[in-house]
Amino acid sequence: MTEGINPQILKEICVEKMPFGKYEGRFLADLPISYLEWFLRNGGFPKGKLGMQLATVYEIKLNGLMDLLTPIRGEVSYEKPKIKNYKF
């Protein structure tokens with residue numbers, strides 16, 4: 001028997017925010033893959049639920065599956081990450 005992706009986990013990574021670090025306050029689904037790779041290079045993801053969520057986000061981004069989250073983001077309130085505009 002193969003297991004599918006739990007839709008509850010997908011919803012959680014779209015609404016829960018990073019509780020600490022450089023990207024504190026950003027939705028887990030919006031974390032850059034470079035930050036997730038940093039975790040892997042420095043001992044792995046945290047233990048527990050947060051670590052499982054971060055690993056899920058990493059796998060989704062690594063495999064180009066962000067479209068899986070599009071219908072879910074339509075159901076939840078979604079704030080786009082703030083983009084810095086540099087004026088020269």
# chains A, B, ... in the order shown; residues from 1 in each chain; ligands from 1
>>> select_by_dssp(residues="region 19-68 of chain A", states="alpha helix (DSSP H)", output="PyMOL selection string")
chain A and resi 33-41+49-62
>>> residues_around(residues="region 39-46 of chain A", least_positions_apart="3", cutoff="12 Å", atoms="only C-alpha atoms", output="PyMOL selection string")
chain A and resi 18-22+31-36+49-58
>>> write_last_selection(atoms="C-alpha atoms", output="short mmCIF file (atom, residue, chain, number, x, y, z; two decimals), in the first residue's frame")
data_model
loop_
_atom_site.label_atom_id
_atom_site.label_comp_id
_atom_site.auth_asym_id
_atom_site.auth_seq_id
_atom_site.Cartn_x
_atom_site.Cartn_y
_atom_site.Cartn_z
CA MET A 18 8.52 30.07 10.68
CA PRO A 19 8.87 30.54 14.44
CA PHE A 20 12.54 31.57 14.53
CA GLY A 21 15.62 32.48 12.55
CA LYS A 22 16.35 34.65 9.57
CA LEU A 31 10.85 29.79 2.68
CA PRO A 32 13.59 29.87 0.06
CA ILE A 33 15.08 26.50 -0.85
CA SER A 34 18.53 27.87 0.00
CA TYR A 35 17.41 28.28 3.63
CA LEU A 36 16.08 24.72 3.70
CA LYS A 49 6.39 18.54 13.64
CA LEU A 50 8.28 21.61 12.41
CA GLY A 51 11.06 19.44 11.03
CA MET A 52 8.56 17.26 9.19
CA GLN A 53 6.88 20.35 7.75
CA LEU A 54 10.20 21.85 6.62
CA ALA A 55 11.21 18.53 5.04
CA THR A 56 7.89 18.48 3.17
CA VAL A 57 8.42 22.02 1.87
CA TYR A 58 11.94 21.06 0.80
#
>>> residues_around(residues="region 8-14 of chain A", least_positions_apart="6", cutoff="7 Å", atoms="only C-alpha atoms", output="list in words")
Phe27, Leu28, Ala29, Gln53, Leu69, Ile72 and Arg73 of chain A
>>> atom_distance(atom1="CA of Lys17 (chain A)", atom2="CA of Asp30 (chain A)")
9.1 Å
>>> atom_distance(atom1="CA of Tyr23 (chain A)", atom2="CA of Tyr86 (chain A)")
19.8 Å
>>> atom_distance(atom1="CA of Gly64 (chain A)", atom2="CA of Asn85 (chain A)")
26.5 Å
